[in-house]
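Asker: work04.cif is reproduced in full below (mmCIF, C-alpha atoms).
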```cif
data_upload
#
loop_
_atom_site.group_PDB
_atom_site.id
_atom_site.type_symbol
_atom_site.label_atom_id
_atom_site.label_comp_id
_atom_site.auth_asym_id
_atom_site.auth_seq_id
_atom_site.Cartn_x
_atom_site.Cartn_y
_atom_site.Cartn_z
ATOM 1 C CA MET A 27 33.376 88.150 95.078
ATOM 2 C CA SER A 28 31.656 90.791 93.063
ATOM 3 C CA GLN A 29 32.703 93.581 95.404
ATOM 4 C CA ARG A 30 36.333 92.387 95.460
ATOM 5 C CA PHE A 31 36.326 92.127 91.690
ATOM 6 C CA PHE A 32 35.175 95.705 91.238
ATOM 7 C CA LEU A 33 37.750 96.915 93.748
ATOM 8 C CA LYS A 34 40.522 95.251 91.707
ATOM 9 C CA ILE A 35 39.201 96.757 88.487
ATOM 10 C CA SER A 36 39.048 100.219 90.081
ATOM 11 C CA ALA A 37 42.600 99.927 91.405
ATOM 12 C CA ALA A 38 43.862 98.880 87.985
ATOM 13 C CA LEU A 39 42.162 101.831 86.292
ATOM 14 C CA VAL A 40 43.618 104.269 88.811
ATOM 15 C CA PHE A 41 47.098 102.803 88.269
ATOM 16 C CA MET A 42 46.744 103.112 84.478
ATOM 17 C CA LEU A 43 45.599 106.730 84.794
ATOM 18 C CA ILE A 44 48.548 107.627 87.024
ATOM 19 C CA SER A 45 50.979 105.953 84.614
ATOM 20 C CA PHE A 46 49.512 107.835 81.675
ATOM 21 C CA LEU A 47 49.736 111.207 83.401
ATOM 22 C CA SER A 48 53.265 110.448 84.526
ATOM 23 C CA GLY A 49 54.245 109.655 80.951
ATOM 24 C CA CYS A 50 52.780 112.949 79.727
ATOM 25 C CA THR A 51 54.757 114.871 82.349
ATOM 26 C CA LYS A 52 57.936 113.052 81.403
ATOM 27 C CA ASN A 53 57.443 113.871 77.727
ATOM 28 C CA ASN A 54 56.847 117.547 78.499
ATOM 29 C CA MET A 55 59.992 117.755 80.606
ATOM 30 C CA SER A 56 61.989 116.088 77.842
ATOM 31 C CA LYS A 57 60.701 118.664 75.388
ATOM 32 C CA ALA A 58 61.602 121.447 77.813
ATOM 33 C CA ARG A 59 65.173 120.237 77.942
ATOM 34 C CA THR A 60 65.304 120.154 74.144
ATOM 35 C CA ASP A 61 63.933 123.691 74.002
ATOM 36 C CA ALA A 62 66.618 124.724 76.503
ATOM 37 C CA GLU A 63 69.153 124.491 73.682
ATOM 38 C CA ILE A 64 67.886 127.822 72.351
ATOM 39 C CA PRO A 65 70.249 130.803 72.477
ATOM 40 C CA GLY A 66 70.323 132.286 75.933
ATOM 41 C CA VAL A 67 71.077 129.124 77.834
ATOM 42 C CA ASN A 68 74.591 128.193 78.842
ATOM 43 C CA THR A 69 74.211 124.458 78.411
ATOM 44 C CA GLU A 70 77.398 123.803 80.381
ATOM 45 C CA SER A 71 76.188 125.519 83.561
ATOM 46 C CA GLY A 72 72.448 125.128 82.976
ATOM 47 C CA LYS A 73 71.876 128.842 83.460
ATOM 48 C CA ASN A 74 71.361 131.787 81.163
ATOM 49 C CA SER A 75 73.040 135.179 81.430
ATOM 50 C CA GLY A 76 70.491 136.285 84.000
ATOM 51 C CA GLY A 77 71.119 133.260 86.206
ATOM 52 C CA GLN A 78 67.816 131.429 85.610
ATOM 53 C CA ASP A 79 67.731 127.640 85.391
ATOM 54 C CA SER A 80 67.555 126.126 81.900
ATOM 55 C CA ASP A 81 64.149 124.543 82.561
ATOM 56 C CA GLN A 82 62.783 127.968 83.475
ATOM 57 C CA ILE A 83 64.060 129.471 80.229
ATOM 58 C CA SER A 84 62.689 126.603 78.146
ATOM 59 C CA ALA A 85 59.286 127.311 79.649
ATOM 60 C CA ARG A 86 59.473 130.840 78.172
ATOM 61 C CA LEU A 87 59.582 132.866 81.371
ATOM 62 C CA PRO A 88 56.377 134.867 81.610
ATOM 63 C CA ALA A 89 57.130 138.436 80.558
ATOM 64 C CA GLU A 90 54.942 141.486 80.908
ATOM 65 C CA LYS A 91 54.006 142.856 77.500
ATOM 66 C CA GLU A 92 52.453 146.105 76.380
ATOM 67 C CA LYS A 93 51.550 147.396 72.939
ATOM 68 C CA PHE A 94 52.109 151.066 72.147
ATOM 69 C CA TYR A 95 50.001 152.046 69.143
ATOM 70 C CA ILE A 96 51.440 154.378 66.528
ATOM 71 C CA ASN A 97 48.301 154.138 64.387
ATOM 72 C CA GLU A 98 45.542 152.016 65.865
ATOM 73 C CA SER A 99 43.372 152.056 62.746
ATOM 74 C CA GLU A 100 46.235 150.483 60.798
ATOM 75 C CA ASN A 101 47.175 148.172 63.689
ATOM 76 C CA LEU A 102 50.634 149.747 63.757
ATOM 77 C CA PHE A 103 52.298 149.355 67.133
ATOM 78 C CA ILE A 104 55.463 148.609 69.062
ATOM 79 C CA GLU A 105 55.325 145.745 71.537
ATOM 80 C CA MET A 106 57.533 146.189 74.590
ATOM 81 C CA ILE A 107 58.470 143.173 76.718
ATOM 82 C CA LYS A 108 59.784 143.435 80.263
ATOM 83 C CA ILE A 109 63.063 141.602 80.704
ATOM 84 C CA PRO A 110 62.658 139.399 83.793
ATOM 85 C CA GLY A 111 64.731 140.553 86.739
ATOM 86 C CA GLU A 112 65.554 143.887 85.091
ATOM 87 C CA SER A 113 64.091 147.396 85.304
ATOM 88 C CA PHE A 114 63.672 147.893 81.560
ATOM 89 C CA ALA A 115 61.591 146.582 78.679
ATOM 90 C CA ALA A 116 62.741 145.991 75.094
ATOM 91 C CA ALA A 117 60.939 146.067 71.757
ATOM 92 C CA SER A 118 59.974 142.568 70.687
ATOM 93 C CA THR A 119 61.301 143.250 67.167
ATOM 94 C CA GLU A 120 63.669 145.610 65.463
ATOM 95 C CA ILE A 121 61.817 148.755 64.375
ATOM 96 C CA THR A 122 60.107 148.031 61.082
ATOM 97 C CA GLN A 123 60.110 150.323 58.089
ATOM 98 C CA ALA A 124 56.376 150.908 58.572
ATOM 99 C CA VAL A 125 56.849 152.108 62.158
ATOM 100 C CA TYR A 126 59.959 154.130 61.368
ATOM 101 C CA GLU A 127 58.233 156.005 58.548
ATOM 102 C CA ALA A 128 55.088 156.596 60.616
ATOM 103 C CA VAL A 129 57.195 158.154 63.390
ATOM 104 C CA THR A 130 59.702 160.182 61.342
ATOM 105 C CA GLY A 131 57.958 160.696 58.004
ATOM 106 C CA GLU A 132 60.893 159.074 56.207
ATOM 107 C CA ASN A 133 62.100 155.622 55.265
ATOM 108 C CA PRO A 134 65.861 155.624 54.672
ATOM 109 C CA SER A 135 66.069 151.880 54.022
ATOM 110 C CA GLU A 136 68.183 150.658 51.122
ATOM 111 C CA ASN A 137 66.844 147.109 51.141
ATOM 112 C CA TYR A 138 65.215 147.301 47.734
ATOM 113 C CA ASN A 139 63.493 143.920 47.987
ATOM 114 C CA SER A 140 61.889 144.779 51.290
ATOM 115 C CA THR A 141 58.360 145.090 52.633
ATOM 116 C CA PRO A 142 57.091 147.493 55.331
ATOM 117 C CA GLN A 143 57.560 144.692 57.882
ATOM 118 C CA CYS A 144 61.280 144.428 57.198
ATOM 119 C CA PRO A 145 63.480 146.245 59.710
ATOM 120 C CA ALA A 146 64.346 149.849 58.945
ATOM 121 C CA ASP A 147 67.955 149.971 57.772
ATOM 122 C CA SER A 148 70.525 152.586 56.790
ATOM 123 C CA VAL A 149 69.988 154.252 60.181
ATOM 124 C CA ASN A 150 73.027 155.902 61.759
ATOM 125 C CA TRP A 151 73.480 156.476 65.499
ATOM 126 C CA TYR A 152 72.153 160.050 65.471
ATOM 127 C CA ASP A 153 69.154 158.911 63.406
ATOM 128 C CA ALA A 154 68.436 156.276 66.060
ATOM 129 C CA VAL A 155 68.577 158.883 68.849
ATOM 130 C CA VAL A 156 66.247 161.214 66.921
ATOM 131 C CA PHE A 157 63.842 158.335 66.264
ATOM 132 C CA CYS A 158 63.703 157.455 69.972
ATOM 133 C CA ASN A 159 62.836 161.023 70.969
ATOM 134 C CA ARG A 160 60.240 161.441 68.240
ATOM 135 C CA LEU A 161 58.643 158.155 69.285
ATOM 136 C CA SER A 162 58.559 159.287 72.920
ATOM 137 C CA LEU A 163 56.952 162.621 72.002
ATOM 138 C CA LEU A 164 54.392 160.883 69.780
ATOM 139 C CA LEU A 165 53.375 158.531 72.601
ATOM 140 C CA ASN A 166 53.401 161.193 75.329
ATOM 141 C CA ARG A 167 56.382 159.855 77.217
ATOM 142 C CA ARG A 168 59.262 161.916 78.578
ATOM 143 C CA PRO A 169 62.107 161.835 75.988
ATOM 144 C CA VAL A 170 65.429 160.513 77.238
ATOM 145 C CA TYR A 171 67.727 162.610 75.066
ATOM 146 C CA SER A 172 68.282 166.345 74.928
ATOM 147 C CA VAL A 173 70.648 168.746 73.167
ATOM 148 C CA ASN A 174 71.300 172.134 74.788
ATOM 149 C CA GLY A 175 68.374 171.440 77.103
ATOM 150 C CA SER A 176 65.860 170.741 74.316
ATOM 151 C CA ILE A 177 64.118 167.372 73.993
ATOM 152 C CA ASN A 178 62.677 168.314 70.578
ATOM 153 C CA PRO A 179 64.813 167.074 67.659
ATOM 154 C CA ASP A 180 63.524 169.995 65.583
ATOM 155 C CA ASP A 181 65.776 172.221 67.704
ATOM 156 C CA TRP A 182 68.918 170.181 67.154
ATOM 157 C CA GLU A 183 69.788 171.514 63.673
ATOM 158 C CA TYR A 184 70.223 167.964 62.448
ATOM 159 C CA GLU A 185 69.356 166.598 59.028
ATOM 160 C CA ALA A 186 68.357 162.986 59.534
ATOM 161 C CA HIS A 187 69.653 160.437 57.001
ATOM 162 C CA GLY A 188 71.936 163.041 55.493
ATOM 163 C CA GLY A 189 75.613 163.807 55.814
ATOM 164 C CA SER A 190 75.479 165.780 59.028
ATOM 165 C CA SER A 191 75.898 165.186 62.734
ATOM 166 C CA ILE A 192 74.577 167.044 65.771
ATOM 167 C CA THR A 193 77.127 169.811 66.220
ATOM 168 C CA ILE A 194 75.353 172.465 68.290
ATOM 169 C CA GLY A 195 75.864 170.508 71.498
ATOM 170 C CA LYS A 196 76.322 167.041 72.908
ATOM 171 C CA VAL A 197 73.531 164.551 73.338
ATOM 172 C CA ASP A 198 72.599 164.315 77.023
ATOM 173 C CA PHE A 199 70.995 161.229 78.570
ATOM 174 C CA ASN A 200 68.270 161.565 81.220
ATOM 175 C CA LYS A 201 68.437 158.228 83.005
ATOM 176 C CA ASN A 202 65.190 158.934 84.877
ATOM 177 C CA ALA A 203 63.009 159.594 81.822
ATOM 178 C CA ASP A 204 60.390 157.005 80.851
ATOM 179 C CA GLY A 205 60.698 157.478 77.089
ATOM 180 C CA PHE A 206 62.252 155.236 74.460
ATOM 181 C CA ARG A 207 66.013 155.002 74.154
ATOM 182 C CA LEU A 208 68.918 152.907 72.928
ATOM 183 C CA PRO A 209 70.046 150.126 75.241
ATOM 184 C CA THR A 210 73.463 150.247 76.828
ATOM 185 C CA GLU A 211 75.821 147.496 75.729
ATOM 186 C CA LYS A 212 75.268 145.727 79.057
ATOM 187 C CA GLU A 213 71.495 145.905 78.627
ATOM 188 C CA TRP A 214 71.767 144.642 75.059
ATOM 189 C CA ILE A 215 73.768 141.609 76.191
ATOM 190 C CA THR A 216 71.063 140.910 78.767
ATOM 191 C CA LEU A 217 68.150 141.249 76.336
ATOM 192 C CA SER A 218 69.914 139.090 73.760
ATOM 193 C CA GLY A 219 69.620 136.171 76.183
ATOM 194 C CA LEU A 220 73.178 135.079 75.457
ATOM 195 C CA ASN A 221 76.044 134.624 77.867
ATOM 196 C CA THR A 222 79.119 136.754 77.162
ATOM 197 C CA ARG A 223 81.170 133.850 75.815
ATOM 198 C CA GLY A 224 78.694 132.942 73.108
ATOM 199 C CA SER A 225 78.553 129.320 72.001
ATOM 200 C CA ALA A 226 81.317 126.883 72.747
ATOM 201 C CA ASP A 227 82.099 126.135 69.104
ATOM 202 C CA LYS A 228 81.204 127.276 65.608
ATOM 203 C CA ASN A 229 78.965 124.302 64.814
ATOM 204 C CA SER A 230 76.725 124.771 67.855
ATOM 205 C CA LEU A 231 76.606 128.521 67.219
ATOM 206 C CA GLU A 232 75.484 128.003 63.630
ATOM 207 C CA LYS A 233 72.859 125.531 64.795
ATOM 208 C CA GLU A 234 71.440 128.178 67.117
ATOM 209 C CA LEU A 235 71.623 130.900 64.470
ATOM 210 C CA ASP A 236 69.798 128.787 61.881
ATOM 211 C CA LYS A 237 66.797 128.691 64.245
ATOM 212 C CA THR A 238 66.737 132.300 65.393
ATOM 213 C CA ALA A 239 68.665 134.529 62.976
ATOM 214 C CA TRP A 240 69.034 135.749 59.413
ATOM 215 C CA TYR A 241 72.800 135.897 58.954
ATOM 216 C CA GLY A 242 75.393 135.444 56.233
ATOM 217 C CA LYS A 243 74.769 131.733 55.753
ATOM 218 C CA ASN A 244 70.974 131.713 55.321
ATOM 219 C CA SER A 245 69.740 135.235 54.483
ATOM 220 C CA GLY A 246 70.698 135.653 50.837
ATOM 221 C CA SER A 247 72.551 138.789 52.038
ATOM 222 C CA THR A 248 69.364 140.755 52.596
ATOM 223 C CA PRO A 249 67.224 141.536 55.658
ATOM 224 C CA HIS A 250 63.953 139.668 56.063
ATOM 225 C CA GLU A 251 60.633 140.580 57.657
ATOM 226 C CA THR A 252 60.807 140.662 61.429
ATOM 227 C CA ALA A 253 59.600 137.807 63.656
ATOM 228 C CA LEU A 254 59.884 135.017 61.059
ATOM 229 C CA LYS A 255 62.473 133.093 63.054
ATOM 230 C CA GLU A 256 62.094 131.677 66.551
ATOM 231 C CA PRO A 257 62.221 134.221 69.403
ATOM 232 C CA ASN A 258 64.878 134.146 72.082
ATOM 233 C CA CYS A 259 64.214 133.095 75.664
ATOM 234 C CA TYR A 260 62.530 136.433 76.472
ATOM 235 C CA GLY A 261 60.247 136.470 73.445
ATOM 236 C CA LEU A 262 62.374 138.925 71.432
ATOM 237 C CA TYR A 263 62.879 138.317 67.717
ATOM 238 C CA ASP A 264 65.982 138.840 65.585
ATOM 239 C CA THR A 265 68.304 139.957 68.372
ATOM 240 C CA LEU A 266 70.951 138.227 66.264
ATOM 241 C CA GLY A 267 71.276 138.849 62.536
ATOM 242 C CA ASN A 268 68.928 140.749 60.179
ATOM 243 C CA VAL A 269 70.262 144.270 60.993
ATOM 244 C CA TRP A 270 72.859 145.548 63.432
ATOM 245 C CA GLU A 271 71.384 147.247 66.503
ATOM 246 C CA TRP A 272 72.870 150.486 67.836
ATOM 247 C CA VAL A 273 73.614 150.839 71.542
ATOM 248 C CA TRP A 274 74.326 153.994 73.535
ATOM 249 C CA ASP A 275 77.956 153.284 74.398
ATOM 250 C CA LEU A 276 81.124 154.787 73.013
ATOM 251 C CA PHE A 277 83.716 152.302 71.780
ATOM 252 C CA PRO A 278 86.112 151.907 74.732
ATOM 253 C CA SER A 279 89.405 152.137 72.873
ATOM 254 C CA ASP A 280 88.445 154.952 70.468
ATOM 255 C CA LYS A 281 85.673 157.263 71.594
ATOM 256 C CA LYS A 282 84.956 158.769 68.195
ATOM 257 C CA TYR A 283 82.942 155.608 67.482
ATOM 258 C CA ARG A 284 79.589 154.401 68.784
ATOM 259 C CA MET A 285 78.896 150.713 69.257
ATOM 260 C CA TYR A 286 76.442 148.276 67.666
ATOM 261 C CA LYS A 287 75.626 144.668 68.450
ATOM 262 C CA GLY A 288 74.088 141.450 67.205
ATOM 263 C CA GLY A 289 75.263 140.901 63.651
ATOM 264 C CA SER A 290 73.392 141.447 60.405
ATOM 265 C CA CYS A 291 72.115 139.529 57.397
ATOM 266 C CA THR A 292 75.635 139.477 55.943
ATOM 267 C CA SER A 293 77.535 138.623 59.138
ATOM 268 C CA ALA A 294 79.705 135.606 59.806
ATOM 269 C CA PRO A 295 78.612 133.542 62.840
ATOM 270 C CA GLU A 296 81.396 134.844 65.075
ATOM 271 C CA LEU A 297 80.054 138.411 64.692
ATOM 272 C CA CYS A 298 76.637 137.320 66.002
ATOM 273 C CA THR A 299 77.850 136.963 69.577
ATOM 274 C CA PRO A 300 77.511 139.297 72.565
ATOM 275 C CA SER A 301 81.259 139.588 72.974
ATOM 276 C CA PHE A 302 81.725 141.199 69.552
ATOM 277 C CA GLN A 303 81.921 145.002 69.856
ATOM 278 C CA GLY A 304 80.995 146.484 66.506
ATOM 279 C CA HIS A 305 81.823 150.185 66.185
ATOM 280 C CA HIS A 306 81.267 152.867 63.569
ATOM 281 C CA TYR A 307 81.130 156.620 63.138
ATOM 282 C CA PRO A 308 77.835 157.854 64.620
ATOM 283 C CA SER A 309 76.958 160.009 61.585
ATOM 284 C CA ARG A 310 77.106 159.709 57.845
ATOM 285 C CA TYR A 311 79.633 162.520 57.612
ATOM 286 C CA SER A 312 80.835 161.039 54.331
ATOM 287 C CA MET A 313 78.605 159.259 51.831
ATOM 288 C CA ASN A 314 81.473 156.800 51.397
ATOM 289 C CA TYR A 315 80.580 155.386 54.796
ATOM 290 C CA SER A 316 77.544 153.182 54.404
ATOM 291 C CA TYR A 317 74.999 152.349 57.101
ATOM 292 C CA TRP A 318 73.460 149.443 55.237
ATOM 293 C CA TRP A 319 71.921 146.941 57.606
ATOM 294 C CA PHE A 320 72.043 149.242 60.646
ATOM 295 C CA GLY A 321 68.775 149.530 62.576
ATOM 296 C CA VAL A 322 67.365 150.135 66.026
ATOM 297 C CA ARG A 323 65.611 148.239 68.815
ATOM 298 C CA PRO A 324 64.526 150.676 71.549
ATOM 299 C CA VAL A 325 64.221 149.964 75.236
ATOM 300 C CA MET A 326 62.449 151.909 77.986
ATOM 301 C CA ASN A 327 62.806 152.295 81.737
ATOM 302 C CA LEU A 328 60.223 150.728 84.009
ATOM 303 C CA SER A 329 59.224 152.103 87.353
ATOM 304 C CA GLU A 330 60.035 149.871 90.289
#
```
Do you think you could lay out the structure here as C-alpha cells?
Answerer:
Amino acid sequence: MSQRFFLKISAALVFMLISFLSGCTKNNMSKARTDAEIPGVNTESGKNSGGQDSDQISARLPAEKEKFYINESENLFIEMIKIPGESFAAASTEITQAVYEAVTGENPSENYNSTPQCPADSVNWYDAVVFCNRLSLLLNRRPVYSVNGSINPDDWEYEAHGGSSITIGKVDFNKNADGFRLPTEKEWITLSGLNTRGSADKNSLEKELDKTAWYGKNSGSTPHETALKEPNCYGLYDTLGNVWEWVWDLFPSDKKYRMYKGGSCTSAPELCTPSFQGHHYPSRYSMNYSYWWFGVRPVMNLSE
C-alpha cells in the first residue's frame, strides 16, 4: 500500500505542475495578444505592414542593433536597428539636439523649453541632407549624397539653417553607399510599423497615439525628450508625433516640395498616419516659412 500511495502522490504532483505551467503559458499568450494592439498591427487581418503575424509582432521581433558613437566619453551615440525583412536599418530615435550639435557644430532648435535629449527641430530638407553626409564622414562611412561630384558639404556653397538652398547643382543619391541618409517614403511607412490605411477609426487611433506619441492632444504643443513613450513593433521611438521626419521623395503632384511624415507635437491624429503626405519647400528661402517641429531620423543600407 505504501508504494501505491507514493505513486498516487507523485502523479498528483506532476499533474499540478503541468497545470501550473500551462496556466503561465496561457497568461503570457493573453498578454501577447493585448500587446498586439500596438501601432503596426492590422488587428483586422492579424498582420502588420510587413506581413508578420500579430503574435510575432507582440513578441517584439528580434532586431539587430548597433551603436555608432559620436563621442564615446560622453556616451553620445546613434543606435541603428535593422528592420526585419528589409535591407536597411533605422535610427531608434529622432536625432537629438545633442547629437545634431556634435555632428554639425550648430543647434537650430527653436524649442525653448527643451533639453539636449529632445529631438533637433527647425531642420529643413537641405539641412537634413547635410547632416546625413556630415554624420557619414564623421563615422567613416561612404556618404550617400553628392553635389557636382563632391560628397563634402563644405563644397556645396550652402549655409545651413539660413535662408539659402543648394543652387550650384542638384543633390545626387548614391543608392549603393553605406552612409546615413533620409528614408524614402516607402521605407518610412515600413519603419513606422503602420499599415497604409492607419487605424480604422479616430478613437482607436488616439488610443494608439496616447501610448506611443507626443501629438496635439497630449504634448502641450512642444516636443518632448526622445524615447519616453512606448516604442513601435520594431523598437523605434516617436515615429509618430514629436517632430515631423523628412523623407527623400518629391511631392508627387508638385515637385517643388519635399515630403515629410509622421506628425508632430501639434498635429491632429489624422496627420499621424502613414497615408498623410506632408510637403514643404526644402529650404528656408523665406524666413516667413517656418520649420518648427521638423527633424530627421536617418536610415542606412545594409549589405545582404
Asker: Is it possible to get the residues within 12 Å of (68.7, 144.9, 76.6) (coordinates as in the file, counting only C-alpha atoms) written as a compact mmCIF listing (two decimals) with C-alpha atoms, keeping the file's coordinate frame?
Answerer:
```txt
# COMPACT_ATOMS: atom_id res chain seq x y z
CA SER A 75 73.04 135.18 81.43
CA GLY A 76 70.49 136.28 84.00
CA MET A 106 57.53 146.19 74.59
CA ILE A 107 58.47 143.17 76.72
CA LYS A 108 59.78 143.44 80.26
CA ILE A 109 63.06 141.60 80.70
CA PRO A 110 62.66 139.40 83.79
CA GLY A 111 64.73 140.55 86.74
CA GLU A 112 65.55 143.89 85.09
CA SER A 113 64.09 147.40 85.30
CA PHE A 114 63.67 147.89 81.56
CA ALA A 115 61.59 146.58 78.68
CA ALA A 116 62.74 145.99 75.09
CA ALA A 117 60.94 146.07 71.76
CA SER A 118 59.97 142.57 70.69
CA ARG A 207 66.01 155.00 74.15
CA LEU A 208 68.92 152.91 72.93
CA PRO A 209 70.05 150.13 75.24
CA THR A 210 73.46 150.25 76.83
CA GLU A 211 75.82 147.50 75.73
CA LYS A 212 75.27 145.73 79.06
CA GLU A 213 71.50 145.90 78.63
CA TRP A 214 71.77 144.64 75.06
CA ILE A 215 73.77 141.61 76.19
CA THR A 216 71.06 140.91 78.77
CA LEU A 217 68.15 141.25 76.34
CA SER A 218 69.91 139.09 73.76
CA GLY A 219 69.62 136.17 76.18
CA LEU A 220 73.18 135.08 75.46
CA TYR A 260 62.53 136.43 76.47
CA LEU A 262 62.37 138.93 71.43
CA THR A 265 68.30 139.96 68.37
CA GLU A 271 71.38 147.25 66.50
CA TRP A 272 72.87 150.49 67.84
CA VAL A 273 73.61 150.84 71.54
CA TRP A 274 74.33 153.99 73.54
CA LYS A 287 75.63 144.67 68.45
CA GLY A 288 74.09 141.45 67.20
CA PRO A 300 77.51 139.30 72.56
CA VAL A 322 67.36 150.14 66.03
CA ARG A 323 65.61 148.24 68.82
CA PRO A 324 64.53 150.68 71.55
CA VAL A 325 64.22 149.96 75.24
CA MET A 326 62.45 151.91 77.99
CA ASN A 327 62.81 152.29 81.74
```
Asker: What does the PyMOL selection byres ((chain A and resi 125-136) around 6) select in this file, as a PDB file with C-alpha atoms, in the frame of the given file?
Answerer:
```pdb
ATOM      1  CA  THR A 122      60.107 148.031  61.082  1.00  0.00           C
ATOM      2  CA  GLN A 123      60.110 150.323  58.089  1.00  0.00           C
ATOM      3  CA  ALA A 124      56.376 150.908  58.572  1.00  0.00           C
ATOM      4  CA  ASN A 137      66.844 147.109  51.141  1.00  0.00           C
ATOM      5  CA  TYR A 138      65.215 147.301  47.734  1.00  0.00           C
ATOM      6  CA  ALA A 146      64.346 149.849  58.945  1.00  0.00           C
ATOM      7  CA  ASP A 147      67.955 149.971  57.772  1.00  0.00           C
ATOM      8  CA  SER A 148      70.525 152.586  56.790  1.00  0.00           C
TER       9      SER A 148
END
```
Asker: Between CA of Leu276 (chain A) and CA of Lys243 (chain A), what distance in Å does the model show, to one decimal?
Answerer: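 A separation of 29.5 Å between them.
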Asker: If I take CA of Asn202 (chain A) and CA of Ile96 (chain A), how far is one from the other in Å, to one decimal?
Answerer: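 So the answer is 23.4 Å.
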Asker: Once the PyMOL selection byres ((chain A and resi 250) around 8) has been evaluated on this model, what residues remain selected, and can you format them as a list in words?
Answerer: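 That selection, the PyMOL selection byres ((chain A and resi 250) around 8), comes back as Ser140, Cys144, Pro145, Trp240, Ser245, Thr248, Pro249, Glu251, Thr252, Leu254 and Asn268 of chain A.
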Asker: Separation of CA of Asp204 (chain A) and CA of Val170 (chain A), in Å?
Answerer: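 Rounded to one decimal, the two atoms are 7.1 Å apart.
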Asker: Given the file shown, determine the residues that the PyMOL selection byres ((chain A and resi 158) around 8) selects; report them as a ChimeraX atom specification.
Answerer: /A:154-157,159-162,169,205-208,324
Asker: Go ahead and save the picked residues with C-alpha atoms, as an mmCIF file, keeping the file's coordinate frame.
Answerer:
```
data_model
loop_
_atom_site.group_PDB
_atom_site.id
_atom_site.type_symbol
_atom_site.label_atom_id
_atom_site.label_comp_id
_atom_site.auth_asym_id
_atom_site.auth_seq_id
_atom_site.Cartn_x
_atom_site.Cartn_y
_atom_site.Cartn_z
ATOM 1 C CA ALA A 154 68.436 156.276 66.060
ATOM 2 C CA VAL A 155 68.577 158.883 68.849
ATOM 3 C CA VAL A 156 66.247 161.214 66.921
ATOM 4 C CA PHE A 157 63.842 158.335 66.264
ATOM 5 C CA ASN A 159 62.836 161.023 70.969
ATOM 6 C CA ARG A 160 60.240 161.441 68.240
ATOM 7 C CA LEU A 161 58.643 158.155 69.285
ATOM 8 C CA SER A 162 58.559 159.287 72.920
ATOM 9 C CA PRO A 169 62.107 161.835 75.988
ATOM 10 C CA GLY A 205 60.698 157.478 77.089
ATOM 11 C CA PHE A 206 62.252 155.236 74.460
ATOM 12 C CA ARG A 207 66.013 155.002 74.154
ATOM 13 C CA LEU A 208 68.918 152.907 72.928
ATOM 14 C CA PRO A 324 64.526 150.676 71.549
#
```
Asker: Can you tell me which residues surround Phe277 (chain A) at a distance of at most 12 Å, considering only C-alpha atoms, apart from same-chain residues fewer than 3 positions away, and format the answer as a ChimeraX atom specification?
Answerer: /A:210-211,272-274,280-287,302-308
Asker: Once you add 6 Å to each side, what are the centre and edge lengths of the axis-aligned box holding all listed atoms of region 171-182 of chain A? One decimal in Å, as lines of an AutoDock Vina configuration file, if you can.
Answerer:
```
center_x = 67.0
center_y = 167.4
center_z = 71.3
size_x = 20.6
size_y = 21.6
size_z = 23.5
```
Asker: Pick out the closest residue to Leu165 (chain A) from this set: A:Cys298, A:Val197, A:Ile177, A:Ile104. Count all atoms listed in the file.
Answerer: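 For Leu165 (chain A), the nearest of the given residues is A:Ile104.
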Asker: Could you tell me which of A:Ser309, A:Ser190, A:Asn200, A:Gln143 comes closest to Tyr171 (chain A) if we count all atoms listed in the file?
Answerer: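 Using all atoms listed in the file, Tyr171 (chain A) sits closest to A:Asn200.
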